[in-house]
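Structure file coords-v6.pdb (PDB, C-alpha atoms, pLDDT in the B column) follows.
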ATOM      1  CA  MET X   1      -4.126  16.144   4.368  1.00 72.00           C
ATOM      2  CA  ASP X   2      -0.708  17.609   5.009  1.00 85.00           C
ATOM      3  CA  LEU X   3       1.667  15.085   6.547  1.00 91.00           C
ATOM      4  CA  SER X   4       4.745  17.222   5.870  1.00 90.00           C
ATOM      5  CA  LYS X   5       4.796  18.557   9.440  1.00 93.00           C
ATOM      6  CA  VAL X   6       3.885  15.306  11.178  1.00 96.00           C
ATOM      7  CA  LEU X   7       6.865  13.341  12.483  1.00 96.00           C
ATOM      8  CA  ALA X   8       7.602   9.976  14.032  1.00 95.00           C
ATOM      9  CA  ILE X   9      10.653   9.682  16.276  1.00 95.00           C
ATOM     10  CA  THR X  10      12.419   6.386  16.861  1.00 92.00           C
ATOM     11  CA  GLY X  11      12.059   5.232  20.448  1.00 90.00           C
ATOM     12  CA  LYS X  12       9.203   7.603  21.263  1.00 91.00           C
ATOM     13  CA  SER X  13       5.576   6.556  21.059  1.00 90.00           C
ATOM     14  CA  GLY X  14       3.030   8.581  19.175  1.00 93.00           C
ATOM     15  CA  LEU X  15       3.370  11.331  16.620  1.00 96.00           C
ATOM     16  CA  PHE X  16       4.768  14.840  16.788  1.00 97.00           C
ATOM     17  CA  THR X  17       4.212  18.062  14.895  1.00 96.00           C
ATOM     18  CA  LEU X  18       7.115  20.134  13.691  1.00 95.00           C
ATOM     19  CA  ILE X  19       7.058  23.534  15.395  1.00 95.00           C
ATOM     20  CA  SER X  20      10.416  24.968  14.385  1.00 95.00           C
ATOM     21  CA  ARG X  21      13.634  23.939  12.734  1.00 91.00           C
ATOM     22  CA  GLY X  22      17.075  24.934  13.991  1.00 85.00           C
ATOM     23  CA  ASN X  23      20.597  24.297  12.755  1.00 84.00           C
ATOM     24  CA  ASN X  24      21.055  20.969  14.516  1.00 86.00           C
ATOM     25  CA  ASN X  25      17.597  20.148  15.771  1.00 91.00           C
ATOM     26  CA  PHE X  26      13.845  20.381  15.444  1.00 92.00           C
ATOM     27  CA  ILE X  27      11.400  21.665  18.023  1.00 95.00           C
ATOM     28  CA  VAL X  28       8.522  19.214  18.097  1.00 96.00           C
ATOM     29  CA  GLU X  29       5.242  18.995  19.966  1.00 96.00           C
ATOM     30  CA  SER X  30       3.726  15.700  21.011  1.00 96.00           C
ATOM     31  CA  LEU X  31       0.205  15.071  19.703  1.00 95.00           C
ATOM     32  CA  THR X  32      -0.375  12.949  22.799  1.00 92.00           C
ATOM     33  CA  ASP X  33       0.306  15.433  25.582  1.00 94.00           C
ATOM     34  CA  GLY X  34       1.223  18.711  23.838  1.00 94.00           C
ATOM     35  CA  LYS X  35       4.706  18.871  25.373  1.00 95.00           C
ATOM     36  CA  ARG X  36       7.439  20.507  23.314  1.00 96.00           C
ATOM     37  CA  PHE X  37      11.059  19.392  23.212  1.00 94.00           C
ATOM     38  CA  PRO X  38      14.056  19.391  20.882  1.00 94.00           C
ATOM     39  CA  ALA X  39      14.631  16.409  18.587  1.00 94.00           C
ATOM     40  CA  PHE X  40      17.883  15.832  16.789  1.00 91.00           C
ATOM     41  CA  SER X  41      18.464  14.140  13.435  1.00 82.00           C
ATOM     42  CA  HIS X  42      20.371  11.320  15.158  1.00 89.00           C
ATOM     43  CA  ASP X  43      17.153  10.585  17.111  1.00 90.00           C
ATOM     44  CA  GLY X  44      15.675   8.944  14.011  1.00 91.00           C
ATOM     45  CA  VAL X  45      13.183  11.611  12.994  1.00 93.00           C
ATOM     46  CA  ALA X  46      10.959  10.513  10.097  1.00 93.00           C
ATOM     47  CA  ASN X  47       8.473  12.672   8.242  1.00 94.00           C
ATOM     48  CA  LEU X  48       5.220  10.749   7.607  1.00 95.00           C
ATOM     49  CA  GLU X  49       5.069  12.241   4.126  1.00 95.00           C
ATOM     50  CA  ASN X  50       8.224  10.279   3.212  1.00 94.00           C
ATOM     51  CA  ILE X  51       7.138   6.885   4.549  1.00 95.00           C
ATOM     52  CA  SER X  52       5.969   4.212   2.117  1.00 96.00           C
ATOM     53  CA  ILE X  53       4.534   0.742   2.556  1.00 97.00           C
ATOM     54  CA  PHE X  54       5.988  -2.191   0.632  1.00 97.00           C
ATOM     55  CA  THR X  55       3.634  -3.837  -1.849  1.00 96.00           C
ATOM     56  CA  ASN X  56       4.108  -6.552  -4.444  1.00 95.00           C
ATOM     57  CA  GLY X  57       4.279  -3.767  -7.056  1.00 94.00           C
ATOM     58  CA  ASP X  58       5.297  -0.161  -6.470  1.00 95.00           C
ATOM     59  CA  ASP X  59       5.511   1.068  -2.887  1.00 96.00           C
ATOM     60  CA  VAL X  60       2.446   2.983  -1.661  1.00 97.00           C
ATOM     61  CA  THR X  61       2.690   6.215   0.318  1.00 96.00           C
ATOM     62  CA  LEU X  62       1.484   6.235   3.887  1.00 96.00           C
ATOM     63  CA  GLU X  63      -0.932   9.011   2.920  1.00 94.00           C
ATOM     64  CA  SER X  64      -2.617   6.681   0.420  1.00 95.00           C
ATOM     65  CA  VAL X  65      -2.976   4.016   3.094  1.00 96.00           C
ATOM     66  CA  PHE X  66      -4.519   6.575   5.465  1.00 95.00           C
ATOM     67  CA  VAL X  67      -6.965   7.629   2.725  1.00 95.00           C
ATOM     68  CA  SER X  68      -8.012   3.984   2.241  1.00 95.00           C
ATOM     69  CA  MET X  69      -8.462   3.573   5.978  1.00 96.00           C
ATOM     70  CA  TYR X  70     -10.438   6.829   6.177  1.00 95.00           C
ATOM     71  CA  LYS X  71     -12.802   5.649   3.436  1.00 94.00           C
ATOM     72  CA  LYS X  72     -13.212   2.205   4.996  1.00 95.00           C
ATOM     73  CA  GLU X  73     -13.954   3.703   8.418  1.00 95.00           C
ATOM     74  CA  ASN X  74     -16.190   6.493   6.999  1.00 93.00           C
ATOM     75  CA  GLY X  75     -13.970   9.097   8.617  1.00 91.00           C
ATOM     76  CA  GLY X  76     -13.920   7.394  11.996  1.00 94.00           C
ATOM     77  CA  LYS X  77     -11.316   5.630  14.059  1.00 95.00           C
ATOM     78  CA  CYS X  78     -10.087   2.123  13.327  1.00 96.00           C
ATOM     79  CA  ASN X  79     -11.358  -0.281  15.988  1.00 95.00           C
ATOM     80  CA  VAL X  80      -9.089  -3.245  15.247  1.00 95.00           C
ATOM     81  CA  SER X  81      -7.507  -4.721  18.369  1.00 94.00           C
ATOM     82  CA  LEU X  82      -3.820  -3.792  18.493  1.00 94.00           C
ATOM     83  CA  SER X  83      -3.108  -6.972  20.447  1.00 95.00           C
ATOM     84  CA  ASP X  84      -4.491  -9.340  17.779  1.00 96.00           C
ATOM     85  CA  GLY X  85      -1.911  -9.783  15.013  1.00 95.00           C
ATOM     86  CA  ASN X  86      -4.196 -11.805  12.760  1.00 96.00           C
ATOM     87  CA  ALA X  87      -6.986  -9.208  12.997  1.00 96.00           C
ATOM     88  CA  MET X  88      -4.526  -6.425  12.126  1.00 97.00           C
ATOM     89  CA  LYS X  89      -3.206  -8.384   9.112  1.00 97.00           C
ATOM     90  CA  ALA X  90      -6.763  -9.062   7.890  1.00 97.00           C
ATOM     91  CA  TYR X  91      -7.689  -5.392   8.275  1.00 97.00           C
ATOM     92  CA  PHE X  92      -4.552  -4.230   6.473  1.00 97.00           C
ATOM     93  CA  ALA X  93      -5.282  -6.682   3.635  1.00 97.00           C
ATOM     94  CA  GLU X  94      -8.662  -4.958   3.224  1.00 96.00           C
ATOM     95  CA  VAL X  95      -7.229  -1.430   2.991  1.00 97.00           C
ATOM     96  CA  LEU X  96      -4.091  -2.405   1.026  1.00 97.00           C
ATOM     97  CA  PRO X  97      -4.709  -5.808  -0.594  1.00 96.00           C
ATOM     98  CA  ASP X  98      -1.361  -5.894  -2.392  1.00 96.00           C
ATOM     99  CA  TYR X  99       0.874  -5.208   0.637  1.00 97.00           C
ATOM    100  CA  ASP X 100       4.008  -7.354   0.835  1.00 96.00           C
ATOM    101  CA  ARG X 101       3.248  -9.863   3.570  1.00 95.00           C
ATOM    102  CA  GLU X 102       6.926 -10.819   3.947  1.00 96.00           C
ATOM    103  CA  ARG X 103       8.332  -7.297   4.415  1.00 96.00           C
ATOM    104  CA  VAL X 104       5.454  -5.579   6.258  1.00 97.00           C
ATOM    105  CA  TYR X 105       5.449  -6.902   9.805  1.00 97.00           C
ATOM    106  CA  VAL X 106       2.642  -6.870  12.364  1.00 97.00           C
ATOM    107  CA  SER X 107       4.599  -4.194  14.274  1.00 95.00           C
ATOM    108  CA  ASN X 108       4.493  -1.974  11.173  1.00 96.00           C
ATOM    109  CA  ILE X 109       0.749  -2.491  10.763  1.00 97.00           C
ATOM    110  CA  LYS X 110       0.230  -1.726  14.453  1.00 96.00           C
ATOM    111  CA  LYS X 111       2.090   1.592  14.050  1.00 96.00           C
ATOM    112  CA  VAL X 112       0.078   2.547  10.968  1.00 96.00           C
ATOM    113  CA  ILE X 113      -3.227   1.843  12.738  1.00 97.00           C
ATOM    114  CA  ALA X 114      -2.135   3.691  15.907  1.00 96.00           C
ATOM    115  CA  TRP X 115      -0.893   6.656  13.851  1.00 96.00           C
ATOM    116  CA  TYR X 116      -4.128   6.759  11.850  1.00 96.00           C
ATOM    117  CA  ASN X 117      -6.187   6.835  15.059  1.00 96.00           C
ATOM    118  CA  GLN X 118      -4.007   9.601  16.493  1.00 96.00           C
ATOM    119  CA  LEU X 119      -4.366  11.656  13.302  1.00 95.00           C
ATOM    120  CA  ILE X 120      -8.160  11.165  13.409  1.00 95.00           C
ATOM    121  CA  ASP X 121      -8.225  12.250  17.078  1.00 94.00           C
ATOM    122  CA  HIS X 122      -6.506  15.521  16.091  1.00 93.00           C
ATOM    123  CA  ASN X 123      -8.489  16.079  12.857  1.00 92.00           C
ATOM    124  CA  LEU X 124      -5.352  15.891  10.723  1.00 90.00           C
ATOM    125  CA  ILE X 125      -6.879  13.670   8.034  1.00 85.00           C
ATOM    126  CA  ASP X 126      -9.043  15.734   5.730  1.00 76.00           C
ATOM    127  CA  LEU X 127     -10.090  14.291   2.377  1.00 72.00           C
ATOM    128  CA  GLU X 128     -11.946  17.468   1.405  1.00 62.00           C
ATOM    129  CA  GLU X 129      -8.635  19.359   1.305  1.00 51.00           C
ATOM    130  CA  LYS X 130      -7.195  16.701  -1.007  1.00 51.00           C
ATOM    131  CA  LYS X 131     -10.226  16.818  -3.313  1.00 49.00           C
ATOM    132  CA  SER X 132      -9.977  20.604  -3.672  1.00 43.00           C
ATOM    133  CA  ASP X 133      -6.231  20.301  -4.450  1.00 49.00           C
ATOM    134  CA  GLU X 134      -6.976  17.726  -7.181  1.00 50.00           C
ATOM    135  CA  THR X 135      -9.756  19.889  -8.635  1.00 46.00           C
ATOM    136  CA  GLU X 136      -7.420  22.910  -8.820  1.00 49.00           C
ATOM    137  CA  ALA X 137      -4.717  20.799 -10.496  1.00 46.00           C
ATOM    138  CA  LYS X 138      -7.152  19.543 -13.150  1.00 49.00           C
ATOM    139  CA  ALA X 139      -8.381  23.087 -13.833  1.00 50.00           C
ATOM    140  CA  GLU X 140      -4.857  24.253 -14.668  1.00 52.00           C
TER     141      GLU X 140
END
Once you've parsed the file, please lay out its structure as structure tokens.
Amino acid sequence: MDLSKVLAITGKSGLFTLISRGNNNFIVESLTDGKRFPAFSHDGVANLENISIFTNGDDVTLESVFVSMYKKENGGKCNVSLSDGNAMKAYFAEVLPDYDRERVYVSNIKKVIAWYNQLIDHNLIDLEEKKSDETEAKAE
């Protein structure tokens, strides 16, 4: 799973893929509708690879959370209701039992679940790729 080219932009729903990088901007494509447009650094562009979730110990990468969700859902979409805060908290406690309940808000959990479902829809979560990378690293 390569999240290095998947972006979230503050104020815009959904996820975007990085198409090109310019001097002052990025050209991104929406995973939702495929439209391309420029995004600027002041727009609050965040790379999913750099996002972590607060836990009671060390922070956990978003990729690790997606892997846990993928395993729990057997590679399918998450069917938790995004309008039921308690259901989302219970689900998140199953995939990341040690998450910091004071610093991770329901809105954060909702984004993670929505992002996971969007990545599944576009086949961007692939555990086989990760396994082959780990096997190559151990062989060296």
Margin query: What's around segment 30-43 of chain X at 6 Å? Count all atoms listed in the file, leave out sequence neighbours fewer than 5 positions away in its own chain, and write the answer as a ChimeraX atom specification.
Written below: /X:15-16,25
Notebook entry, point to check: Could you name the residues that touch Gln118 of chain X at 10 Å or less, counting all atoms listed in the file, but leaving out those on the same chain fewer than 4 positions away, as a list in words?
Noted result: Gly14, Leu15, Leu31, Thr32, Lys77, Val112, Ile113, Ala114, His122, Asn123, Leu124 and Ile125 of chain X
Next item on the list: Determine, counting only C-alpha atoms, which protein, DNA and RNA residues have an atom within 9 Å of an atom of Glu63 of chain X; residues of the same chain fewer than 2 positions away are not included. Present the result as a list in words.
Entry: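 Neighbouring residues, sequence-local ones excluded: Met1, Asp2, Leu3, Leu48, Glu49, Ile51, Ser52, Val60, Thr61, Val65, Phe66, Val67 and Ser68 of chain X.
Evaluated on this file, the PyMOL selection byres ((chain X and resi 10) around 8) matches X:Ala8, X:Ile9, X:Gly11, X:Lys12, X:Asp43, X:Gly44, X:Val45.
Nearest residue to Asp59 of chain X, choosing from X:Val104, X:Ile27, X:Ala90, X:Leu18 and counting only C-alpha atoms: X:Val104.
Relative to atom CA of Ser4 of chain X, atom CA of Glu102 of chain X is found at 28.2 Å.
Picture a line from atom CA of Gly22 of chain X to atom CA of Leu7 of chain X; it runs 15.5 Å.
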Margin query: For a quick check of understanding, using all atoms listed in the file, which of X:Phe54, X:Tyr105, X:Phe92, X:Phe26 has the smallest distance to Lys72 of chain X?
Written below: X:Phe92
Using the file's own x, y and z axes, so that the box edges lie along x, y and z, what centre and edge lengths in Å (one decimal) does a box around every listed atom of segment 56-74 of chain X get when 5 Å is added on each side? Give it as AutoDock Vina command-line options.
--center_x -5.3 --center_y 1.2 --center_z 0.7 --size_x 31.7 --size_y 25.6 --size_z 25.5
Next item on the list: Could you tell me which of X:Leu96, X:Asn117, X:Ile53, X:Glu29 comes closest to Val80 of chain X if we count all atoms listed in the file?
Entry: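 Closest candidate: X:Asn117.
Taking atom CA of Gly57 of chain X as the reference point, atom CA of Asn86 of chain X is found at 23.0 Å.
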Margin query: Between X:Cys78, X:Ala93, X:Val6, X:Ile120, which residue has the minimum interatomic distance to Val28 of chain X, considering all atoms listed in the file?
Written below: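 Using all atoms listed in the file, the shortest distance to Val28 of chain X belongs to X:Val6.
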